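The block underneath contains the structure these notes are about, expressed in structure tokens.
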Amino acid sequence: DEFNRIELPVLSVVAQQIGAISTALKMDSKDGFEFTEGKGKIPLNRECGIFITMNPGYAGRQELPENLKMQFRGVSMMVPDSEIIMRVKLSASGYLEAKGLASKLSVLYSLCKQQLSKQTHYDFGLRNILSVLRTCGKAKRDISNANLKESEILMRVVRDMNVSKLVDEDEVLFLSLLKDTFPQQTVEQSEYVELMAGIDDACIKSRFVKHDDWLLKIIQLYETSLVRHGIMILGPSGSGKSSCIRTLLRALTYTGLPHKEVRMNPKAITSAQMFGRMDVVNNEYTDGIFSTIWRKYCRKAKEHVWLTLDGPVDTLWIENLNSVLDDNKTLTLANGDRITMSPTLKLVFEVQNLDNASPATVSRAGMIYMNINSLGWLPYVESWCMTRTELQRNVFMNLFRTHGVEIFKFIAEKCKPAISITPICQATSLCTLLGSMLPELDSQYPDGPFKEDGLERLFVFAVIWSIGAVLETEDRRRMDPFLRSRGLNMPDVRRDSQDTVFEYKVNLETTAWQHWREIVPVFEYPATGPIKFSSILVPTVDNVRTQFLLECVVGSHGNVLLVGESGTAKTVTINQHINYQVKNHPDQYMAKVNSFSSATVPQMLQRVIEGIVEKRQGHTFGPAGGKRMLLFIDDISLPLINAWGDQETNELLRQLIEEKGFYSLEKPGEFTGIVDVQFLAAMRTPGATNNDVPDRLKRHFCILNCTSPSQDSVEKIFNSILMGHFNPKRRFTPAVIEAASKLTGLTRVIWERTKARMLPTPSKFHYIFNLRDISRIMQGLINCQADVINTPERLMLLWRHECDRVLSDRFVNATDLSVYTGMISELLSEHFDPIPLRKLTTQPVPFVDFMRDASAPDEYDPNYVATIPKIYEPVEDTAALRARVQMYLDTARARARKGKRIDDLVLFTDALNHLTRINRILRTPRGNALLVGVGGSGKQSLARLAAYLCNYEVFQIQISKTYNTDSLLEDMRNMYKKAGVRGVQIMFLFTDTQIAQEKFLVYINDLLSSGNIPDLFPVEDRDEIFSALQVEVKQAGIFVTRETVWAFFIEKVRRNLHVVLCFSPVGEAFRNRARRFPALINCNVIDWFHPW
């Protein structure tokens, strides 16, 4: 059965085996035959025949090889005359009017196929007909139907067994067809008094609202379970599928028939982990998770169990269950075991759609379709309001009923959210946000200072940061007048102001509106001394607002997802929040950062989770010390979408959030409970090449769209940094300070013009300009000293140099470079007198920090150690620069150890230019470079020389036949210890020819994005690092815990370990890798090597 589900290589072997049998039969072999020579004779049983069945023509099925086809005689199975089957079945069940009823039923099914919409979960074929007919026979024998006509019994069965799977648009048409088929007949709905009492009890205990359409679906699910052992309940996210199943099981338990549910997500594991696998070497079988659970409950014939497979359907794993769903009711495993289904076991599938299911699967299961419009968002809101005080309940329910529908309608028709999201998800976020800002219910004054008008203001605030949180800036401006037109309690805004309601918050003490500006703290740049640029965060309305919302949601144990384009401070904002929580509440919170990539698989995420928890009790695990773990997942949307449109990694994450755990991979069938883990995530705005995440995962998050900051915000942020550095206390002249005040605006304008002109294309996919670029320019500007930048002209030379390095070094051809040069020349001529600044528009001047010699030794100081001052300064004399580099090159070649010798380079102008660019990147804290050029363009040689100029160690992996992932991780461990414990400055040189496995780039991506590589260090190494660094951490004024020491270690690694990637632009590999591992572009400064 299902013969062509066997894989093609196996079918080829089967063809040879059957051919051997056929040959032996023809030759009338008496002493047996051989499959392969030397394996011994096999006795020939002439009474044995081979019969196969197969469904050709859709995904998951193979076309039989020709040498296999010729071994069989093909028989095409015709579609049977269903009316004859109906007549026979009805007659056998005692129907006296079988002939007329069969004719009516046949016409009805024919009309359903023709007139109802084409849904993937519809089946009006023979399996559905037989199921209806069996139920008709059962209903005929039921004594409670003795007074009903046969046509009434048939009409009710057909209605009850088909209406449950219909979408709303088809339900009216189907009932109309049914009425036309059985005119002048009406049938009442079946009554289940005891079951309804159980449903009422379950709803009260779960605080569910008894919505009529939803209750009808529970009854339909119950009726389907009476006649089907395989059930599919499908519908959009938030339509009440899980609650429907659980409520029915509680109701059945209430009636005295205990039921339990066992859930698993089949897409969170591989097919082999689900059903088991055979070891091809020793022929041993290892049981899978599903097969273990199946064995367990098939043995318990007296226990009623619903085994729910909650995950997307594809034709691979679900067709392994075809023999379970049909009349065989048997699970067949790879080792030949056949496990028959227990009569008290039900197999339930909870899915969003059946787009990838085969007709064979759809026809085998009973269908329940949950339409999200039938339930809507109001029952959830009513359920939440039941938990609030009387004042809050009355006010909020009135506001929801008065304005809710119109608000959702406005968002759907007039706005374009940054990410698709269902109304029920937005309503959930709204209630979560409201609950987080209201006083605790068990407090002395549960309403706090809030009266009716204050609660209305709080409702408006929650609406804009739940329903309106996913909108872009323009749509937010549209939403403000709409809310005002509804007569809601809105803040007063001056007519000449650009402010909207999004610029205001509700003061939780006075309950009045308050502008966000009033609570933005003042940024103070250190007047003297160095500053760590990566630690600078200038408070603005945007980040203060996001921090407040994060604190509200996280404080109420909710999950948060930040969405936005690259460079909108998503990662920085979440990192700042979790660091604040860990620092201020070390006894309550722990934190862990993990970055996803396109190569992240469910097993990797499961190992990360297992690494941050310890055993609490039984099979329940949680973070150490009874704390809560804030797990930040960056780039949550990056895991690869498979051929079926699913993200397996995010399916495991959804299971972890919904079911609070996952199944052990070492002990199949054992569920590991995970508690006290909260999720914060960030992702790029979906669209173009950016993935979205599954709707069923999104609904567990409060989603905030991080919009690009306004021009005023950008200028405030970077002007605060610049003017903090260029101040009289750092000995800068007034003329330089005045010139510096103009640089933020100039930088923003050239960045915007470059972004508008240099658009990404397939060959220029890395032309992605975001706020990180402005940040890198500013970082270069504040590296200067007053004795070097002593005139406005020198400051402008530095500004031009930094803009060139960050913006134009990535350009792939001379045309783009000339366009950029023209734009910057035009900009400068608009703002400055071109005569004294002619150098800016002609030949830019490089800035380097290796031109100075060590100072003369002090003969009176015996402890004097000569050091070379690293002063970032312009070099206008190219000959002097070449001579200086030549001196370092000669010294490096003389001192180089065997095997690490630097090539003898000819220092022509292009080579010097690239050398100074690489040197600039390496001298920057957290500076990483991506050097792109064809082979032989000097990338590695110049990188090695630049490292020598910076006095850095150079490390490069040595590829061999045995070099694998474990070898790379061992090398990375050694680098981390050197950089993070001993403080050695290292340049990690890595080329695309060294990518023996694509998985290497997963670790490179993690290194670049966060520095934190999951499972890099075993527990013993972590203890060693803790012991080595705790004194240094204490000296830095940081409270010593394992978390703070580890964070200090990672920060030190990122400061001292500089990654230089050397890639070739030839072919598709570079572009594909950049798309799959975004840190290669986002976290590196690009230097594109043009032809010499």
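In the structure tokens, chains take letters A, B, ... by order of appearance, with residues numbered from 1 within each chain and ligands from 1 in the order shown.
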key: Within 8 Å of range 217-227 of chain A using only C-alpha atoms, minus same-chain residues under 4 positions, as a list in words   = Ser131, Thr135, Asp160, Met161, Ser164, Asp213, Ile231, Cys244, Ile245, Thr247, Leu248, Lys346, Gly366, Met367, Ile368 and Met370 of chain A
Can you spit out the residues from that selection as a PDB file, in the first residue's frame, using N, CA and C atoms?
```pdb
ATOM      1  N   SER A 131     -18.502   7.313   5.514  1.00  0.00           N
ATOM      2  CA  SER A 131     -18.592   7.751   6.897  1.00  0.00           C
ATOM      3  C   SER A 131     -20.001   8.228   7.224  1.00  0.00           C
ATOM      4  N   THR A 135     -22.806   6.397   9.794  1.00  0.00           N
ATOM      5  CA  THR A 135     -23.483   7.162  10.839  1.00  0.00           C
ATOM      6  C   THR A 135     -24.990   7.100  10.660  1.00  0.00           C
ATOM      7  N   ASP A 160     -25.011  17.511   9.866  1.00  0.00           N
ATOM      8  CA  ASP A 160     -24.086  17.543  11.004  1.00  0.00           C
ATOM      9  C   ASP A 160     -22.666  17.139  10.603  1.00  0.00           C
ATOM     10  N   MET A 161     -22.566  16.227   9.612  1.00  0.00           N
ATOM     11  CA  MET A 161     -21.243  15.717   9.264  1.00  0.00           C
ATOM     12  C   MET A 161     -20.537  16.547   8.193  1.00  0.00           C
ATOM     13  N   SER A 164     -19.666  21.235   9.514  1.00  0.00           N
ATOM     14  CA  SER A 164     -18.555  21.597  10.412  1.00  0.00           C
ATOM     15  C   SER A 164     -17.304  22.010   9.652  1.00  0.00           C
ATOM     16  N   ASP A 213     -21.285  30.592  18.359  1.00  0.00           N
ATOM     17  CA  ASP A 213     -20.624  29.919  17.235  1.00  0.00           C
ATOM     18  C   ASP A 213     -19.520  28.996  17.718  1.00  0.00           C
ATOM     19  N   ILE A 231      -9.152  13.227  13.325  1.00  0.00           N
ATOM     20  CA  ILE A 231      -9.880  14.496  13.235  1.00  0.00           C
ATOM     21  C   ILE A 231      -8.894  15.606  12.924  1.00  0.00           C
ATOM     22  N   CYS A 244     -11.031  24.972  22.040  1.00  0.00           N
ATOM     23  CA  CYS A 244     -12.153  24.097  21.682  1.00  0.00           C
ATOM     24  C   CYS A 244     -11.866  22.656  22.089  1.00  0.00           C
ATOM     25  N   ILE A 245     -10.658  22.167  21.754  1.00  0.00           N
ATOM     26  CA  ILE A 245     -10.288  20.787  22.093  1.00  0.00           C
ATOM     27  C   ILE A 245     -10.247  20.603  23.599  1.00  0.00           C
ATOM     28  N   THR A 247     -11.614  22.368  26.020  1.00  0.00           N
ATOM     29  CA  THR A 247     -12.922  22.506  26.670  1.00  0.00           C
ATOM     30  C   THR A 247     -13.738  21.236  26.506  1.00  0.00           C
ATOM     31  N   LEU A 248     -13.723  20.642  25.309  1.00  0.00           N
ATOM     32  CA  LEU A 248     -14.472  19.398  25.092  1.00  0.00           C
ATOM     33  C   LEU A 248     -13.942  18.279  25.982  1.00  0.00           C
ATOM     34  N   LYS A 346      -7.697   8.761  20.040  1.00  0.00           N
ATOM     35  CA  LYS A 346      -8.061   9.593  18.902  1.00  0.00           C
ATOM     36  C   LYS A 346      -6.810  10.337  18.429  1.00  0.00           C
ATOM     37  N   GLY A 366     -11.879  13.481   9.672  1.00  0.00           N
ATOM     38  CA  GLY A 366     -13.021  14.366   9.862  1.00  0.00           C
ATOM     39  C   GLY A 366     -12.547  15.790  10.024  1.00  0.00           C
ATOM     40  N   MET A 367     -13.250  16.733   9.396  1.00  0.00           N
ATOM     41  CA  MET A 367     -12.796  18.127   9.356  1.00  0.00           C
ATOM     42  C   MET A 367     -13.676  19.029  10.213  1.00  0.00           C
ATOM     43  N   ILE A 368     -13.019  19.885  10.994  1.00  0.00           N
ATOM     44  CA  ILE A 368     -13.697  20.959  11.714  1.00  0.00           C
ATOM     45  C   ILE A 368     -12.992  22.247  11.335  1.00  0.00           C
ATOM     46  N   MET A 370     -12.534  26.218  11.816  1.00  0.00           N
ATOM     47  CA  MET A 370     -12.790  27.321  12.741  1.00  0.00           C
ATOM     48  C   MET A 370     -12.555  28.627  11.992  1.00  0.00           C
TER      49      MET A 370
END
```
From a DSSP calculation on the backbone, collect every residue of range 896-965 of chain A in alpha helix (DSSP H) and output the set as an mmCIF file with all heavy atoms, in the first residue's frame.
```
data_model
loop_
_atom_site.group_PDB
_atom_site.id
_atom_site.type_symbol
_atom_site.label_atom_id
_atom_site.label_comp_id
_atom_site.auth_asym_id
_atom_site.auth_seq_id
_atom_site.Cartn_x
_atom_site.Cartn_y
_atom_site.Cartn_z
ATOM 1 N N THR A 909 49.812 53.223 -4.980
ATOM 2 C CA THR A 909 48.805 54.070 -4.343
ATOM 3 C C THR A 909 47.567 53.295 -3.917
ATOM 4 O O THR A 909 47.068 53.458 -2.795
ATOM 5 C CB THR A 909 48.401 55.205 -5.309
ATOM 6 O OG1 THR A 909 49.567 55.917 -5.701
ATOM 7 C CG2 THR A 909 47.419 56.162 -4.633
ATOM 8 N N ASP A 910 47.049 52.409 -4.798
ATOM 9 C CA ASP A 910 45.856 51.643 -4.435
ATOM 10 C C ASP A 910 46.109 50.773 -3.210
ATOM 11 O O ASP A 910 45.248 50.645 -2.329
ATOM 12 C CB ASP A 910 45.409 50.767 -5.609
ATOM 13 C CG ASP A 910 44.646 51.576 -6.652
ATOM 14 O OD1 ASP A 910 44.277 52.716 -6.318
ATOM 15 O OD2 ASP A 910 44.426 51.078 -7.761
ATOM 16 N N ALA A 911 47.288 50.154 -3.166
ATOM 17 C CA ALA A 911 47.626 49.306 -2.019
ATOM 18 C C ALA A 911 47.675 50.131 -0.736
ATOM 19 O O ALA A 911 47.178 49.697 0.314
ATOM 20 C CB ALA A 911 48.969 48.604 -2.258
ATOM 21 N N LEU A 912 48.273 51.320 -0.791
ATOM 22 C CA LEU A 912 48.322 52.189 0.384
ATOM 23 C C LEU A 912 46.917 52.600 0.819
ATOM 24 O O LEU A 912 46.612 52.634 2.018
ATOM 25 C CB LEU A 912 49.148 53.443 0.074
ATOM 26 C CG LEU A 912 50.674 53.300 0.133
ATOM 27 C CD1 LEU A 912 51.323 54.611 -0.276
ATOM 28 C CD2 LEU A 912 51.127 52.897 1.521
ATOM 29 N N ASN A 913 46.075 52.902 -0.134
ATOM 30 C CA ASN A 913 44.704 53.311 0.201
ATOM 31 C C ASN A 913 43.967 52.196 0.940
ATOM 32 O O ASN A 913 43.325 52.430 1.968
ATOM 33 C CB ASN A 913 43.939 53.696 -1.063
ATOM 34 C CG ASN A 913 44.405 55.018 -1.644
ATOM 35 O OD1 ASN A 913 45.003 55.839 -0.932
ATOM 36 N ND2 ASN A 913 44.139 55.243 -2.928
ATOM 37 N N HIS A 914 44.038 50.980 0.401
ATOM 38 C CA HIS A 914 43.358 49.866 1.061
ATOM 39 C C HIS A 914 43.996 49.551 2.415
ATOM 40 O O HIS A 914 43.286 49.187 3.366
ATOM 41 C CB HIS A 914 43.380 48.626 0.161
ATOM 42 C CG HIS A 914 42.419 48.707 -0.992
ATOM 43 N ND1 HIS A 914 41.061 48.746 -0.834
ATOM 44 C CD2 HIS A 914 42.644 48.784 -2.335
ATOM 45 C CE1 HIS A 914 40.471 48.833 -2.017
ATOM 46 N NE2 HIS A 914 41.412 48.850 -2.944
ATOM 47 N N LEU A 915 45.286 49.696 2.508
ATOM 48 C CA LEU A 915 45.967 49.445 3.782
ATOM 49 C C LEU A 915 45.481 50.418 4.855
ATOM 50 O O LEU A 915 45.184 50.004 5.990
ATOM 51 C CB LEU A 915 47.486 49.569 3.601
ATOM 52 C CG LEU A 915 48.325 49.366 4.862
ATOM 53 C CD1 LEU A 915 48.224 47.929 5.345
ATOM 54 C CD2 LEU A 915 49.782 49.730 4.600
ATOM 55 N N THR A 916 45.385 51.691 4.534
ATOM 56 C CA THR A 916 44.928 52.669 5.526
ATOM 57 C C THR A 916 43.461 52.431 5.894
ATOM 58 O O THR A 916 43.063 52.650 7.044
ATOM 59 C CB THR A 916 45.099 54.102 4.987
ATOM 60 O OG1 THR A 916 44.403 54.232 3.739
ATOM 61 C CG2 THR A 916 46.570 54.422 4.785
ATOM 62 N N ARG A 917 42.653 51.949 4.951
ATOM 63 C CA ARG A 917 41.255 51.650 5.253
ATOM 64 C C ARG A 917 41.147 50.486 6.234
ATOM 65 O O ARG A 917 40.380 50.543 7.201
ATOM 66 C CB ARG A 917 40.496 51.317 3.963
ATOM 67 C CG ARG A 917 40.368 52.495 3.010
ATOM 68 C CD ARG A 917 39.819 52.062 1.650
ATOM 69 N NE ARG A 917 39.925 53.129 0.666
ATOM 70 C CZ ARG A 917 39.597 53.000 -0.614
ATOM 71 N NH1 ARG A 917 39.151 51.834 -1.059
ATOM 72 N NH2 ARG A 917 39.733 54.021 -1.444
ATOM 73 N N ILE A 918 41.914 49.435 5.980
ATOM 74 C CA ILE A 918 41.875 48.279 6.882
ATOM 75 C C ILE A 918 42.418 48.673 8.250
ATOM 76 O O ILE A 918 41.870 48.270 9.295
ATOM 77 C CB ILE A 918 42.678 47.100 6.282
ATOM 78 C CG1 ILE A 918 42.095 46.694 4.926
ATOM 79 C CG2 ILE A 918 42.668 45.915 7.226
ATOM 80 C CD1 ILE A 918 42.976 45.746 4.136
ATOM 81 N N ASN A 919 43.482 49.478 8.257
ATOM 82 C CA ASN A 919 44.060 49.930 9.517
ATOM 83 C C ASN A 919 43.035 50.735 10.326
ATOM 84 O O ASN A 919 42.927 50.591 11.542
ATOM 85 C CB ASN A 919 45.299 50.766 9.239
ATOM 86 C CG ASN A 919 45.857 51.418 10.484
ATOM 87 O OD1 ASN A 919 45.651 52.614 10.720
ATOM 88 N ND2 ASN A 919 46.552 50.649 11.310
ATOM 89 N N ARG A 920 42.262 51.574 9.645
ATOM 90 C CA ARG A 920 41.239 52.368 10.340
ATOM 91 C C ARG A 920 40.188 51.474 10.987
ATOM 92 O O ARG A 920 39.729 51.728 12.115
ATOM 93 C CB ARG A 920 40.574 53.313 9.338
ATOM 94 C CG ARG A 920 39.369 54.057 9.882
ATOM 95 C CD ARG A 920 38.595 54.763 8.792
ATOM 96 N NE ARG A 920 37.328 55.246 9.305
ATOM 97 C CZ ARG A 920 36.222 54.517 9.411
ATOM 98 N NH1 ARG A 920 36.229 53.246 9.016
ATOM 99 N NH2 ARG A 920 35.110 55.040 9.907
ATOM 100 N N ILE A 921 39.801 50.431 10.290
ATOM 101 C CA ILE A 921 38.788 49.518 10.838
ATOM 102 C C ILE A 921 39.325 48.787 12.056
ATOM 103 O O ILE A 921 38.661 48.669 13.093
ATOM 104 C CB ILE A 921 38.333 48.516 9.758
ATOM 105 C CG1 ILE A 921 37.680 49.253 8.584
ATOM 106 C CG2 ILE A 921 37.358 47.492 10.337
ATOM 107 C CD1 ILE A 921 37.440 48.393 7.357
ATOM 108 N N LEU A 922 40.568 48.290 11.959
ATOM 109 C CA LEU A 922 41.136 47.487 13.041
ATOM 110 C C LEU A 922 41.370 48.304 14.304
ATOM 111 O O LEU A 922 41.262 47.778 15.414
ATOM 112 C CB LEU A 922 42.444 46.832 12.585
ATOM 113 C CG LEU A 922 42.341 45.768 11.495
ATOM 114 C CD1 LEU A 922 43.714 45.223 11.149
ATOM 115 C CD2 LEU A 922 41.432 44.624 11.940
ATOM 116 N N LYS A 939 44.065 41.029 -0.626
ATOM 117 C CA LYS A 939 43.258 41.225 0.582
ATOM 118 C C LYS A 939 43.975 40.698 1.824
ATOM 119 O O LYS A 939 44.113 41.397 2.841
ATOM 120 C CB LYS A 939 41.896 40.532 0.423
ATOM 121 C CG LYS A 939 41.089 41.026 -0.764
ATOM 122 C CD LYS A 939 39.708 40.402 -0.826
ATOM 123 C CE LYS A 939 39.749 38.915 -1.095
ATOM 124 N NZ LYS A 939 40.256 38.573 -2.432
ATOM 125 N N GLN A 940 44.427 39.450 1.757
ATOM 126 C CA GLN A 940 45.049 38.845 2.943
ATOM 127 C C GLN A 940 46.381 39.515 3.275
ATOM 128 O O GLN A 940 46.678 39.780 4.449
ATOM 129 C CB GLN A 940 45.263 37.352 2.713
ATOM 130 C CG GLN A 940 43.968 36.559 2.578
ATOM 131 C CD GLN A 940 44.240 35.071 2.510
ATOM 132 O OE1 GLN A 940 44.816 34.487 3.427
ATOM 133 N NE2 GLN A 940 43.848 34.450 1.406
ATOM 134 N N SER A 941 47.203 39.789 2.262
ATOM 135 C CA SER A 941 48.521 40.384 2.516
ATOM 136 C C SER A 941 48.389 41.757 3.166
ATOM 137 O O SER A 941 49.081 42.076 4.143
ATOM 138 C CB SER A 941 49.302 40.503 1.199
ATOM 139 O OG SER A 941 49.480 39.233 0.612
ATOM 140 N N LEU A 942 47.469 42.582 2.662
ATOM 141 C CA LEU A 942 47.282 43.904 3.241
ATOM 142 C C LEU A 942 46.678 43.821 4.633
ATOM 143 O O LEU A 942 47.008 44.629 5.512
ATOM 144 C CB LEU A 942 46.385 44.752 2.329
ATOM 145 C CG LEU A 942 47.003 45.166 0.979
ATOM 146 C CD1 LEU A 942 45.971 45.879 0.122
ATOM 147 C CD2 LEU A 942 48.220 46.052 1.203
ATOM 148 N N ALA A 943 45.789 42.845 4.861
ATOM 149 C CA ALA A 943 45.202 42.682 6.193
ATOM 150 C C ALA A 943 46.274 42.295 7.210
ATOM 151 O O ALA A 943 46.292 42.793 8.342
ATOM 152 C CB ALA A 943 44.101 41.633 6.147
ATOM 153 N N ARG A 944 47.191 41.407 6.824
ATOM 154 C CA ARG A 944 48.276 41.017 7.734
ATOM 155 C C ARG A 944 49.182 42.209 8.063
ATOM 156 O O ARG A 944 49.589 42.406 9.215
ATOM 157 C CB ARG A 944 49.099 39.887 7.115
ATOM 158 C CG ARG A 944 48.359 38.558 7.039
ATOM 159 C CD ARG A 944 49.234 37.493 6.383
ATOM 160 N NE ARG A 944 48.524 36.234 6.269
ATOM 161 C CZ ARG A 944 48.417 35.338 7.249
ATOM 162 N NH1 ARG A 944 48.992 35.572 8.413
ATOM 163 N NH2 ARG A 944 47.759 34.220 7.056
ATOM 164 N N LEU A 945 49.497 43.011 7.044
ATOM 165 C CA LEU A 945 50.339 44.175 7.284
ATOM 166 C C LEU A 945 49.617 45.190 8.172
ATOM 167 O O LEU A 945 50.232 45.803 9.061
ATOM 168 C CB LEU A 945 50.736 44.812 5.947
ATOM 169 C CG LEU A 945 51.643 46.054 6.030
ATOM 170 C CD1 LEU A 945 52.909 45.753 6.829
ATOM 171 C CD2 LEU A 945 52.000 46.549 4.628
ATOM 172 N N ALA A 946 48.321 45.378 7.950
ATOM 173 C CA ALA A 946 47.545 46.298 8.783
ATOM 174 C C ALA A 946 47.522 45.829 10.231
ATOM 175 O O ALA A 946 47.608 46.639 11.165
ATOM 176 C CB ALA A 946 46.125 46.425 8.242
ATOM 177 N N ALA A 947 47.423 44.520 10.437
ATOM 178 C CA ALA A 947 47.455 43.994 11.802
ATOM 179 C C ALA A 947 48.804 44.260 12.458
ATOM 180 O O ALA A 947 48.889 44.577 13.657
ATOM 181 C CB ALA A 947 47.155 42.494 11.786
ATOM 182 N N TYR A 948 49.872 44.155 11.674
ATOM 183 C CA TYR A 948 51.200 44.442 12.224
ATOM 184 C C TYR A 948 51.318 45.920 12.597
ATOM 185 O O TYR A 948 51.912 46.271 13.626
ATOM 186 C CB TYR A 948 52.282 44.050 11.216
ATOM 187 C CG TYR A 948 53.684 44.262 11.757
ATOM 188 C CD1 TYR A 948 54.248 43.353 12.643
ATOM 189 C CD2 TYR A 948 54.422 45.385 11.399
ATOM 190 C CE1 TYR A 948 55.530 43.546 13.162
ATOM 191 C CE2 TYR A 948 55.693 45.593 11.900
ATOM 192 C CZ TYR A 948 56.241 44.674 12.784
ATOM 193 O OH TYR A 948 57.504 44.878 13.306
ATOM 194 N N LEU A 949 50.744 46.805 11.769
ATOM 195 C CA LEU A 949 50.764 48.231 12.088
ATOM 196 C C LEU A 949 50.050 48.512 13.403
ATOM 197 O O LEU A 949 50.422 49.431 14.148
ATOM 198 C CB LEU A 949 50.090 49.029 10.965
ATOM 199 C CG LEU A 949 50.806 49.064 9.602
ATOM 200 C CD1 LEU A 949 49.949 49.776 8.580
ATOM 201 C CD2 LEU A 949 52.161 49.730 9.717
ATOM 202 N N THR A 965 33.585 21.285 12.083
ATOM 203 C CA THR A 965 32.976 22.269 12.985
ATOM 204 C C THR A 965 33.623 22.242 14.357
ATOM 205 O O THR A 965 33.872 23.291 14.966
ATOM 206 C CB THR A 965 31.472 21.996 13.106
ATOM 207 O OG1 THR A 965 30.882 22.039 11.801
ATOM 208 C CG2 THR A 965 30.796 23.031 13.981
#
```
Using only C-alpha atoms, what does the table of range 901-1015 of chain A residues within 12 Å of range 623-633 of chain A look like, with each row giving the shortest atom pair and its distance in Å to one decimal, sorted by chain and ascending number, as JSON lines?
```
{"residue": "A:Asp1006", "atom": "CA", "partner": "A:Ile633", "partner_atom": "CA", "distance": 11.5}
{"residue": "A:Ser1009", "atom": "CA", "partner": "A:Ile633", "partner_atom": "CA", "distance": 11.6}
{"residue": "A:Ser1010", "atom": "CA", "partner": "A:Ile633", "partner_atom": "CA", "distance": 10.8}
{"residue": "A:Asn1012", "atom": "CA", "partner": "A:Phe632", "partner_atom": "CA", "distance": 11.7}
{"residue": "A:Pro1014", "atom": "CA", "partner": "A:Ile633", "partner_atom": "CA", "distance": 11.8}
```
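One distance worth recording is that between CA of Glu382 in chain A and CA of Ala681 in chain A, which is 28.8 Å.
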message = Between CA of Lys99 in chain A and CA of Ser117 in chain A, what distance in Å does the model show, to one decimal?
response =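 That distance, rounded to one decimal, is 29.0 Å.
Take the candidates A:Lys977, A:Ser242, A:Ala301, A:Phe461 and check each one against Gln352 in chain A using only C-alpha atoms; the shortest distance goes to A:Ser242.
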message = List the spatial neighbours of range 779-795 of chain A as a list of chain:residue names - criterion: any atom at most 7 Å away, only C-alpha atoms, same-chain residues fewer than 6 positions off excluded.
response = A:Phe533, A:Leu722, A:His725, A:Arg730, A:Arg731, A:Phe732, A:Thr733, A:Ala735, A:Val736, A:Ala739, A:Glu802, A:Leu837, A:Tyr872, A:Glu873
ask   = Got a sec: who's within 9 Å of range 1041-1056 of chain A, counting only C-alpha atoms, leaving out chain neighbours fewer than 3 positions off, as number ranges by chain?
value = A: 582-583, 586, 590-592, 924-927, 975-981, 983-987, 1007-1008, 1010-1012, 1022-1023, 1025-1026, 1029-1030, 1033, 1038
ask   = Hey, what does DSSP flag as strand (DSSP E or B) within range 1005-1073 of chain A? Can you give it to me as an MDAnalysis selection string?
value = chainID A and resid 1057:1063
ask   = Between A:Arg477, A:Thr649, A:Gly669, A:Asp695, which one has atoms that come closest to Cys425 in chain A, using only C-alpha atoms?
value = A:Asp695
Given only C-alpha atoms, how would the per-residue table for range 226-273 of chain A near range 308-332 of chain A read, listing every residue at most 8 Å away with its closest atom pair and distance in Å to one decimal, sorted by chain and number, as CSV?
```
residue,atom,partner,partner_atom,distance
A:His229,CA,A:Leu325,CA,7.1
A:Gly230,CA,A:Leu325,CA,5.6
A:Glu261,CA,A:Thr308,CA,6.9
A:Val262,CA,A:Thr308,CA,6.0
A:Arg263,CA,A:Thr308,CA,4.8
A:Met264,CA,A:Leu309,CA,5.3
A:Asn265,CA,A:Asp310,CA,4.9
A:Pro266,CA,A:Gly311,CA,6.0
A:Lys267,CA,A:Gly311,CA,6.0
A:Ser271,CA,A:Trp317,CA,6.1
```
ask   = Restricting the calculation to only C-alpha atoms, which member of A:Asn705, A:Ser291, A:Asn55, A:Asn691 is positioned closest to Ala360 in chain A?
value =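 Looking at the shortest contact to Ala360 in chain A, the residue is A:Asn55.
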